[in-house]
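Engineer: Shown below is the structure under consideration.
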Amino acid sequence: MAHDEMTGGAFPPTAVGDPGPARPGASAGVPDGGPRKAAGRARSARLDSLTGLRFGAALLVFFNHVGLPFPHLRLLESDSAAMNLFDVTGNAGALGVTFFFVLSGFVLTWSARDRDTAPRFWRRRLVKIYPNYVITWALALVLFASVYTTTGTAIANLFMVHVWVPDFEVFSSVNQPSWSLGCEAFFYACFPLLHSWFQRIRAEHLKYWIVGVTAGIIATPWAAYVFIADKPYFPGASLGATVSAEQYWFAYNLPVTRVLDFALGMLVAQAVVRGRWFNIGMVWSGVLLAGSYVLCSHVPFLYSQRSVTIIPIVLLIAAAATADIRGTASWFRGRTMLWLGEISFAFYLVHFIVLTYMRKELEGTFSVAETTGLVALGLVISVLASWALYALVERPITRRFSSSRRARRAAAS
């Protein structure tokens, strides 16, 4: 999942002496007084629209889990209603996670600090994500997961290495969304090297890199279908996902293949900053994304997980960033959306625990109206719990421990 380099949105390389948003009408990287000035002006803009979009992506994952017709999540009594809901939400989680991975690469590149070091970067990332991760890991174990989770699997999950094991019971263990944090940990480990590498790419060559990485993402399912055995099927086979756990893991969970999503976000950020991006706007990007989501229901399962939606996702992220640079109107920059975006990481980690524990405590199944009310209640509880986790843990720890005492004294002097 994407998490901002600094709390409260995506910021320029340094928070000290922030020159403020770009002037209205300025376009991303369009030369105005030279490419260096244009790039500097672009990176000085707050990307508040991307902060707001984060909650939208997290909400897609929430509704995907609501719609899974598995016993530990299903609330609907009617089989037809349950399957109709799954038909609508079945690919929402994959869309949300892919969006987060691309967004993470984009935002971290945007906010990269010119004189930063790898250890400082890794410290900030660890402080940002790990306290929330540990708390939700422990909460999931206490409330439900300890009953069926082995000690070895729980420990692997705690240290975010479970995603490297091609066993569904391991990479989806404890708090199910946690697998994506194992991917993000790998992305963060790679970021300093990738960032240094991508900065050396000539601006006019960025398009070739972007096309090449996109082609790699689209081709990943093909490789899984051709080179990996398709049986025994993983648990999703009953819902039409007729692939093996190894195929699914390789195409969807494996950090080495998912780092392509992250790298694509990094390259697109470079293109936007350097004025090498053709912006089609948020409206058309949103239309294409909606159309690609519908198409996901008509392609082989592994292609639906990211290949079909990857181009519209990139277009929307770049369009939202460009809107913020230009100062044009964006509904995602509103106060409520910014607040929801700030708590979205906590929401992502908390919501599955809320839904699973609620299902555990409720007896029987329910009508459509009753299920709607229960889902709304689960959403409200998830938001409130996320707010508490953000306000009491994530924000104070990030502010206190993101830099060493020595660095803080140097900055104050």
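Letters A, B, ... go to the chains of the structure tokens in the order shown; residues in each chain start at 1; ligands are counted from 1 in the same order.
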So which residues touch range 386-394 of chain A within 6 Å, counting only C-alpha atoms, skipping near sequence neighbours fewer than 2 positions away, as a list in words?

Structural biologist: Ile343, Ala346, Phe347, Ser382, Val383, Leu384, Pro396, Ile397 and Thr398 of chain A

Engineer: For Thr257 in chain A, list every protein, DNA or RNA residue within 12 Å, evaluated using only C-alpha atoms, and leave out those in the same chain fewer than 3 positions away; present the list as a ChimeraX atom specification.

Structural biologist: /A:98,101,163-164,183,186-187,213-214,216-221,223-224,247-254,260-264,306

Engineer: Would you pick out the contacts of His195 in chain A at 10 Å or less, using only C-alpha atoms, so that residues sharing its chain but fewer than 3 positions from it are not included, and give the list as a CSV table (one decimal) with N, CA, C and O atoms, in the first residue's frame?

Structural biologist:
```
chain,number,residue,atom,x,y,z
A,105,GLY,N,5.4,4.4,-5.4
A,105,GLY,CA,6.6,4.7,-6.1
A,105,GLY,C,6.5,6.2,-6.6
A,105,GLY,O,7.5,6.9,-6.6
A,108,LEU,N,7.0,8.6,-3.3
A,108,LEU,CA,8.3,8.6,-2.8
A,108,LEU,C,9.3,9.2,-3.7
A,108,LEU,O,10.3,9.9,-3.2
A,109,THR,N,9.2,9.1,-5.0
A,109,THR,CA,10.0,9.8,-5.9
A,109,THR,C,9.8,11.3,-5.9
A,109,THR,O,10.8,12.1,-5.9
A,112,ALA,N,11.4,12.7,-2.7
A,112,ALA,CA,12.8,12.3,-2.4
A,112,ALA,C,13.6,13.5,-2.0
A,112,ALA,O,13.5,14.6,-2.6
A,190,CYS,N,14.6,-1.4,-2.0
A,190,CYS,CA,15.1,-1.2,-3.3
A,190,CYS,C,15.1,0.3,-3.7
A,190,CYS,O,15.8,0.7,-4.7
A,191,PHE,N,14.3,1.1,-3.0
A,191,PHE,CA,14.1,2.5,-3.5
A,191,PHE,C,15.3,3.3,-3.7
A,191,PHE,O,15.5,4.0,-4.7
A,192,PRO,N,16.3,3.4,-2.7
A,192,PRO,CA,17.5,4.2,-2.9
A,192,PRO,C,18.2,3.9,-4.2
A,192,PRO,O,18.6,4.8,-4.9
A,198,PHE,N,17.1,5.6,-11.8
A,198,PHE,CA,16.1,6.3,-12.7
A,198,PHE,C,16.5,7.8,-12.9
A,198,PHE,O,16.1,8.3,-13.9
A,199,GLN,N,17.1,8.4,-12.0
A,199,GLN,CA,17.5,9.8,-12.1
A,199,GLN,C,18.5,10.0,-13.3
A,199,GLN,O,18.6,11.0,-13.8
A,200,ARG,N,19.3,8.9,-13.6
A,200,ARG,CA,20.3,9.0,-14.6
A,200,ARG,C,19.7,8.8,-16.0
A,200,ARG,O,20.4,9.0,-17.0
A,263,ALA,N,8.1,0.5,-9.5
A,263,ALA,CA,9.0,1.2,-10.4
A,263,ALA,C,8.3,2.0,-11.4
A,263,ALA,O,8.8,3.1,-11.8
A,266,MET,N,7.5,5.3,-10.0
A,266,MET,CA,8.7,6.1,-9.9
A,266,MET,C,9.0,6.7,-11.2
A,266,MET,O,9.3,7.9,-11.3
A,267,LEU,N,8.9,6.0,-12.3
A,267,LEU,CA,9.3,6.5,-13.6
A,267,LEU,C,8.3,7.5,-14.1
A,267,LEU,O,8.6,8.5,-14.7
A,270,GLN,N,9.0,10.8,-12.5
A,270,GLN,CA,10.1,11.4,-13.2
A,270,GLN,C,9.7,12.1,-14.4
A,270,GLN,O,10.1,13.2,-14.8
```

Engineer: Which of range 130-204 of chain A counts as alpha helix (DSSP H) under DSSP, as number ranges by chain please?

Structural biologist: A: 130-143, 151-158, 168-171, 179-199

Engineer: Now that the selection is made, can you save its residues with N, CA and C atoms as a compact mmCIF listing (two decimals), in the first residue's frame?

Structural biologist:
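Writing done, so here's result_10.txt:
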```txt
# COMPACT_ATOMS: atom_id res chain seq x y z
N TYR A 130 5.66 0.46 10.68
CA TYR A 130 5.77 -0.74 11.51
C TYR A 130 4.97 -0.68 12.81
N PRO A 131 4.89 0.44 13.52
CA PRO A 131 4.06 0.45 14.74
C PRO A 131 2.60 0.06 14.46
N ASN A 132 1.98 0.64 13.46
CA ASN A 132 0.61 0.25 13.09
C ASN A 132 0.53 -1.22 12.72
N TYR A 133 1.52 -1.69 12.00
CA TYR A 133 1.55 -3.07 11.54
C TYR A 133 1.58 -4.03 12.73
N VAL A 134 2.45 -3.76 13.70
CA VAL A 134 2.59 -4.65 14.85
C VAL A 134 1.31 -4.66 15.69
N ILE A 135 0.71 -3.50 15.88
CA ILE A 135 -0.51 -3.42 16.67
C ILE A 135 -1.64 -4.21 16.02
N THR A 136 -1.81 -4.06 14.72
CA THR A 136 -2.89 -4.79 14.04
C THR A 136 -2.58 -6.28 13.93
N TRP A 137 -1.30 -6.63 13.82
CA TRP A 137 -0.90 -8.05 13.84
C TRP A 137 -1.32 -8.69 15.16
N ALA A 138 -1.01 -8.03 16.26
CA ALA A 138 -1.35 -8.56 17.58
C ALA A 138 -2.86 -8.61 17.77
N LEU A 139 -3.56 -7.58 17.31
CA LEU A 139 -5.01 -7.53 17.47
C LEU A 139 -5.69 -8.67 16.70
N ALA A 140 -5.23 -8.92 15.48
CA ALA A 140 -5.80 -10.01 14.68
C ALA A 140 -5.57 -11.36 15.35
N LEU A 141 -4.38 -11.56 15.89
CA LEU A 141 -4.09 -12.83 16.57
C LEU A 141 -4.98 -13.02 17.79
N VAL A 142 -5.14 -11.98 18.57
CA VAL A 142 -5.94 -12.08 19.80
C VAL A 142 -7.42 -12.34 19.49
N LEU A 143 -7.94 -11.66 18.47
CA LEU A 143 -9.37 -11.72 18.18
C LEU A 143 -9.81 -12.96 17.41
N THR A 151 2.79 -21.00 14.99
CA THR A 151 3.74 -20.02 15.56
C THR A 151 4.71 -19.53 14.49
N GLY A 152 5.20 -20.45 13.67
CA GLY A 152 6.14 -20.06 12.62
C GLY A 152 5.53 -19.09 11.63
N THR A 153 4.29 -19.34 11.24
CA THR A 153 3.60 -18.44 10.30
C THR A 153 3.37 -17.08 10.93
N ALA A 154 2.97 -17.06 12.21
CA ALA A 154 2.74 -15.79 12.90
C ALA A 154 4.02 -14.96 12.98
N ILE A 155 5.14 -15.62 13.26
CA ILE A 155 6.42 -14.91 13.35
C ILE A 155 6.84 -14.39 11.98
N ALA A 156 6.66 -15.23 10.95
CA ALA A 156 6.98 -14.77 9.58
C ALA A 156 6.15 -13.56 9.23
N ASN A 157 4.87 -13.57 9.61
CA ASN A 157 4.00 -12.43 9.35
C ASN A 157 4.46 -11.19 10.10
N LEU A 158 4.87 -11.37 11.35
CA LEU A 158 5.34 -10.24 12.15
C LEU A 158 6.51 -9.53 11.48
N PHE A 168 -0.75 -20.35 0.21
CA PHE A 168 -1.85 -19.44 0.49
C PHE A 168 -2.07 -19.26 1.98
N GLU A 169 -1.91 -20.33 2.76
CA GLU A 169 -2.13 -20.26 4.20
C GLU A 169 -1.07 -19.41 4.90
N VAL A 170 0.05 -19.17 4.23
CA VAL A 170 1.11 -18.34 4.80
C VAL A 170 1.03 -16.91 4.31
N PHE A 171 1.00 -16.71 2.98
CA PHE A 171 1.05 -15.32 2.50
C PHE A 171 -0.24 -14.56 2.74
N TRP A 179 -0.07 -8.92 3.56
CA TRP A 179 0.87 -9.38 2.53
C TRP A 179 1.43 -8.20 1.73
N SER A 180 0.60 -7.19 1.50
CA SER A 180 1.05 -6.05 0.69
C SER A 180 2.11 -5.22 1.39
N LEU A 181 2.11 -5.26 2.73
CA LEU A 181 3.15 -4.55 3.47
C LEU A 181 4.48 -5.28 3.34
N GLY A 182 4.44 -6.61 3.19
CA GLY A 182 5.66 -7.34 2.89
C GLY A 182 6.25 -6.90 1.55
N CYS A 183 5.37 -6.65 0.57
CA CYS A 183 5.83 -6.12 -0.71
C CYS A 183 6.41 -4.72 -0.54
N GLU A 184 5.70 -3.87 0.21
CA GLU A 184 6.18 -2.50 0.39
C GLU A 184 7.55 -2.48 1.08
N ALA A 185 7.78 -3.38 2.03
CA ALA A 185 9.08 -3.43 2.69
C ALA A 185 10.18 -3.72 1.67
N PHE A 186 9.90 -4.59 0.73
CA PHE A 186 10.86 -4.88 -0.33
C PHE A 186 11.06 -3.66 -1.23
N PHE A 187 9.96 -2.97 -1.54
CA PHE A 187 10.06 -1.76 -2.36
C PHE A 187 10.96 -0.73 -1.69
N TYR A 188 10.75 -0.54 -0.39
CA TYR A 188 11.54 0.45 0.33
C TYR A 188 13.02 0.07 0.34
N ALA A 189 13.30 -1.22 0.47
CA ALA A 189 14.69 -1.66 0.44
C ALA A 189 15.33 -1.33 -0.91
N CYS A 190 14.55 -1.43 -1.97
CA CYS A 190 15.06 -1.18 -3.33
C CYS A 190 15.08 0.30 -3.71
N PHE A 191 14.30 1.12 -3.03
CA PHE A 191 14.07 2.49 -3.50
C PHE A 191 15.34 3.31 -3.68
N PRO A 192 16.26 3.36 -2.72
CA PRO A 192 17.45 4.21 -2.92
C PRO A 192 18.22 3.86 -4.19
N LEU A 193 18.38 2.57 -4.46
CA LEU A 193 19.09 2.16 -5.67
C LEU A 193 18.30 2.50 -6.92
N LEU A 194 17.00 2.19 -6.91
CA LEU A 194 16.17 2.48 -8.08
C LEU A 194 16.11 3.97 -8.36
N HIS A 195 15.98 4.77 -7.30
CA HIS A 195 15.89 6.22 -7.49
C HIS A 195 17.17 6.78 -8.11
N SER A 196 18.30 6.32 -7.61
CA SER A 196 19.57 6.76 -8.18
C SER A 196 19.69 6.35 -9.64
N TRP A 197 19.24 5.17 -9.94
CA TRP A 197 19.29 4.64 -11.31
C TRP A 197 18.37 5.44 -12.23
N PHE A 198 17.13 5.64 -11.82
CA PHE A 198 16.15 6.31 -12.67
C PHE A 198 16.48 7.78 -12.90
N GLN A 199 17.14 8.40 -11.95
CA GLN A 199 17.53 9.80 -12.13
C GLN A 199 18.54 9.97 -13.27
```

Engineer: To one decimal place in Å, what is the distance between CA of Arg400 in chain A and CA of Arg120 in chain A?

Structural biologist: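 About the pair CA of Arg400 in chain A and CA of Arg120 in chain A: they are 14.0 Å apart.
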
Engineer: Find the distance between CA of Ser330 in chain A and CA of Trp284 in chain A and write it in Å to one decimal.

Structural biologist: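 Atom-to-atom, CA of Ser330 in chain A and CA of Trp284 in chain A are spaced 13.7 Å apart.
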
Engineer: If you measure from CA of Ser178 in chain A to CA of Leu349 in chain A, what distance in Å do you get, rounded to one decimal?

Structural biologist: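 Computing it gives 7.1 Å between the two atoms.
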
Engineer: Could you name the residues that touch Pro177 in chain A at 10 Å or less, counting only C-alpha atoms, but leaving out those on the same chain fewer than 6 positions away, as a PDB file with all heavy atoms, in the first residue's frame?

Structural biologist:
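Everything below was put into around.pdb:
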```pdb
ATOM      1  N   MET A   1       0.827  -1.172   0.000  1.00  0.00           N
ATOM      2  CA  MET A   1       0.000   0.000   0.000  1.00  0.00           C
ATOM      3  C   MET A   1       0.862   1.222   0.000  1.00  0.00           C
ATOM      4  O   MET A   1       1.909   1.246   0.614  1.00  0.00           O
ATOM      5  CB  MET A   1      -0.895  -0.040   1.240  1.00  0.00           C
ATOM      6  CG  MET A   1      -1.710   1.197   1.516  1.00  0.00           C
ATOM      7  SD  MET A   1      -2.730   1.003   2.961  1.00  0.00           S
ATOM      8  CE  MET A   1      -3.531   2.555   2.974  1.00  0.00           C
ATOM      9  N   VAL A  61     -10.659  -1.863  -1.386  1.00  0.00           N
ATOM     10  CA  VAL A  61     -10.233  -3.088  -0.711  1.00  0.00           C
ATOM     11  C   VAL A  61     -11.270  -3.496   0.342  1.00  0.00           C
ATOM     12  O   VAL A  61     -11.599  -4.681   0.494  1.00  0.00           O
ATOM     13  CB  VAL A  61      -8.844  -2.900  -0.075  1.00  0.00           C
ATOM     14  CG1 VAL A  61      -8.404  -4.180   0.634  1.00  0.00           C
ATOM     15  CG2 VAL A  61      -7.818  -2.504  -1.134  1.00  0.00           C
ATOM     16  N   HIS A  65     -13.483  -7.099   0.381  1.00  0.00           N
ATOM     17  CA  HIS A  65     -13.595  -8.052   1.489  1.00  0.00           C
ATOM     18  C   HIS A  65     -15.044  -8.215   1.948  1.00  0.00           C
ATOM     19  O   HIS A  65     -15.453  -9.319   2.326  1.00  0.00           O
ATOM     20  CB  HIS A  65     -12.700  -7.602   2.642  1.00  0.00           C
ATOM     21  CG  HIS A  65     -11.244  -7.765   2.348  1.00  0.00           C
ATOM     22  ND1 HIS A  65     -10.277  -6.872   2.770  1.00  0.00           N
ATOM     23  CD2 HIS A  65     -10.573  -8.721   1.655  1.00  0.00           C
ATOM     24  CE1 HIS A  65      -9.096  -7.276   2.349  1.00  0.00           C
ATOM     25  NE2 HIS A  65      -9.244  -8.390   1.677  1.00  0.00           N
ATOM     26  N   GLY A  93     -10.473  -5.182  -4.811  1.00  0.00           N
ATOM     27  CA  GLY A  93      -9.284  -5.216  -3.967  1.00  0.00           C
ATOM     28  C   GLY A  93      -8.007  -5.180  -4.780  1.00  0.00           C
ATOM     29  O   GLY A  93      -7.050  -4.479  -4.437  1.00  0.00           O
ATOM     30  N   VAL A  97      -5.110  -2.296  -4.453  1.00  0.00           N
ATOM     31  CA  VAL A  97      -3.723  -2.603  -4.093  1.00  0.00           C
ATOM     32  C   VAL A  97      -2.767  -2.148  -5.194  1.00  0.00           C
ATOM     33  O   VAL A  97      -1.709  -1.566  -4.909  1.00  0.00           O
ATOM     34  CB  VAL A  97      -3.558  -4.107  -3.814  1.00  0.00           C
ATOM     35  CG1 VAL A  97      -2.087  -4.483  -3.703  1.00  0.00           C
ATOM     36  CG2 VAL A  97      -4.287  -4.487  -2.531  1.00  0.00           C
ATOM     37  N   PHE A 171       1.001 -16.708   2.982  1.00  0.00           N
ATOM     38  CA  PHE A 171       1.050 -15.324   2.500  1.00  0.00           C
ATOM     39  C   PHE A 171      -0.245 -14.563   2.740  1.00  0.00           C
ATOM     40  O   PHE A 171      -0.267 -13.336   2.640  1.00  0.00           O
ATOM     41  CB  PHE A 171       1.508 -15.231   1.039  1.00  0.00           C
ATOM     42  CG  PHE A 171       0.596 -15.862  -0.001  1.00  0.00           C
ATOM     43  CD1 PHE A 171      -0.624 -15.301  -0.335  1.00  0.00           C
ATOM     44  CD2 PHE A 171       1.005 -16.987  -0.707  1.00  0.00           C
ATOM     45  CE1 PHE A 171      -1.432 -15.848  -1.312  1.00  0.00           C
ATOM     46  CE2 PHE A 171       0.215 -17.546  -1.695  1.00  0.00           C
ATOM     47  CZ  PHE A 171      -1.027 -16.988  -2.000  1.00  0.00           C
ATOM     48  N   TYR A 348      -6.610   0.697   6.136  1.00  0.00           N
ATOM     49  CA  TYR A 348      -6.260  -0.482   5.353  1.00  0.00           C
ATOM     50  C   TYR A 348      -5.912  -1.669   6.258  1.00  0.00           C
ATOM     51  O   TYR A 348      -6.306  -2.804   5.990  1.00  0.00           O
ATOM     52  CB  TYR A 348      -5.080  -0.145   4.442  1.00  0.00           C
ATOM     53  CG  TYR A 348      -4.637  -1.264   3.539  1.00  0.00           C
ATOM     54  CD1 TYR A 348      -5.321  -1.552   2.360  1.00  0.00           C
ATOM     55  CD2 TYR A 348      -3.531  -2.040   3.869  1.00  0.00           C
ATOM     56  CE1 TYR A 348      -4.913  -2.596   1.547  1.00  0.00           C
ATOM     57  CE2 TYR A 348      -3.111  -3.079   3.051  1.00  0.00           C
ATOM     58  CZ  TYR A 348      -3.804  -3.350   1.888  1.00  0.00           C
ATOM     59  OH  TYR A 348      -3.393  -4.380   1.080  1.00  0.00           O
ATOM     60  N   LEU A 349      -5.200  -1.399   7.339  1.00  0.00           N
ATOM     61  CA  LEU A 349      -4.792  -2.468   8.244  1.00  0.00           C
ATOM     62  C   LEU A 349      -5.908  -2.893   9.203  1.00  0.00           C
ATOM     63  O   LEU A 349      -5.954  -4.048   9.630  1.00  0.00           O
ATOM     64  CB  LEU A 349      -3.569  -2.021   9.055  1.00  0.00           C
ATOM     65  CG  LEU A 349      -2.252  -1.925   8.302  1.00  0.00           C
ATOM     66  CD1 LEU A 349      -1.168  -1.345   9.196  1.00  0.00           C
ATOM     67  CD2 LEU A 349      -1.822  -3.276   7.758  1.00  0.00           C
ATOM     68  N   VAL A 350      -6.817  -1.983   9.520  1.00  0.00           N
ATOM     69  CA  VAL A 350      -7.829  -2.248  10.549  1.00  0.00           C
ATOM     70  C   VAL A 350      -9.077  -2.907   9.983  1.00  0.00           C
ATOM     71  O   VAL A 350      -9.702  -3.756  10.643  1.00  0.00           O
ATOM     72  CB  VAL A 350      -8.210  -0.916  11.257  1.00  0.00           C
ATOM     73  CG1 VAL A 350      -9.522  -1.042  12.011  1.00  0.00           C
ATOM     74  CG2 VAL A 350      -7.097  -0.483  12.193  1.00  0.00           C
ATOM     75  N   HIS A 351      -9.472  -2.559   8.767  1.00  0.00           N
ATOM     76  CA  HIS A 351     -10.821  -2.902   8.305  1.00  0.00           C
ATOM     77  C   HIS A 351     -11.080  -4.408   8.247  1.00  0.00           C
ATOM     78  O   HIS A 351     -12.174  -4.874   8.578  1.00  0.00           O
ATOM     79  CB  HIS A 351     -11.081  -2.288   6.922  1.00  0.00           C
ATOM     80  CG  HIS A 351     -10.481  -3.060   5.793  1.00  0.00           C
ATOM     81  ND1 HIS A 351      -9.174  -2.884   5.372  1.00  0.00           N
ATOM     82  CD2 HIS A 351     -10.990  -4.048   5.015  1.00  0.00           C
ATOM     83  CE1 HIS A 351      -8.925  -3.711   4.374  1.00  0.00           C
ATOM     84  NE2 HIS A 351      -9.999  -4.426   4.137  1.00  0.00           N
ATOM     85  N   PHE A 352     -10.082  -5.195   7.835  1.00  0.00           N
ATOM     86  CA  PHE A 352     -10.289  -6.646   7.731  1.00  0.00           C
ATOM     87  C   PHE A 352     -10.508  -7.249   9.114  1.00  0.00           C
ATOM     88  O   PHE A 352     -11.306  -8.188   9.272  1.00  0.00           O
ATOM     89  CB  PHE A 352      -9.083  -7.293   7.052  1.00  0.00           C
ATOM     90  CG  PHE A 352      -9.234  -8.771   6.816  1.00  0.00           C
ATOM     91  CD1 PHE A 352      -9.957  -9.244   5.725  1.00  0.00           C
ATOM     92  CD2 PHE A 352      -8.676  -9.695   7.688  1.00  0.00           C
ATOM     93  CE1 PHE A 352     -10.113 -10.608   5.508  1.00  0.00           C
ATOM     94  CE2 PHE A 352      -8.822 -11.066   7.483  1.00  0.00           C
ATOM     95  CZ  PHE A 352      -9.542 -11.520   6.381  1.00  0.00           C
ATOM     96  N   ILE A 353      -9.823  -6.721  10.105  1.00  0.00           N
ATOM     97  CA  ILE A 353      -9.998  -7.197  11.477  1.00  0.00           C
ATOM     98  C   ILE A 353     -11.416  -6.912  11.947  1.00  0.00           C
ATOM     99  O   ILE A 353     -12.076  -7.764  12.558  1.00  0.00           O
ATOM    100  CB  ILE A 353      -8.967  -6.527  12.404  1.00  0.00           C
ATOM    101  CG1 ILE A 353      -7.547  -6.906  11.973  1.00  0.00           C
ATOM    102  CG2 ILE A 353      -9.207  -6.913  13.861  1.00  0.00           C
ATOM    103  CD1 ILE A 353      -6.456  -6.151  12.696  1.00  0.00           C
TER     104      ILE A 353
END
```

Engineer: Do a neighbour search on Ala320 in chain A at 9 Å with only C-alpha atoms, toss out local chain neighbours closer than 5 positions, and write the hits as an NGL selection string.

Structural biologist: :A and (47-50 or 53 or 281-282 or 315 or 325 or 330 or 332)

Engineer: Rank nothing, just name the residue among A:Arg74, A:Arg46, A:Arg335, A:Arg258 nearest to Lys360 in chain A, using only C-alpha atoms.

Structural biologist: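 Closest to Lys360 in chain A of all the choices is A:Arg74.
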
Engineer: Go through A:Leu126, A:Leu75, A:Val256, A:Ala58 one by one, measure the shortest atom-to-atom distance of each to Phe401 in chain A using only C-alpha atoms, and give the residue with the smallest value.

Structural biologist: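 Looking only at the distances to Phe401 in chain A, the closest residue turns out to be A:Leu126.
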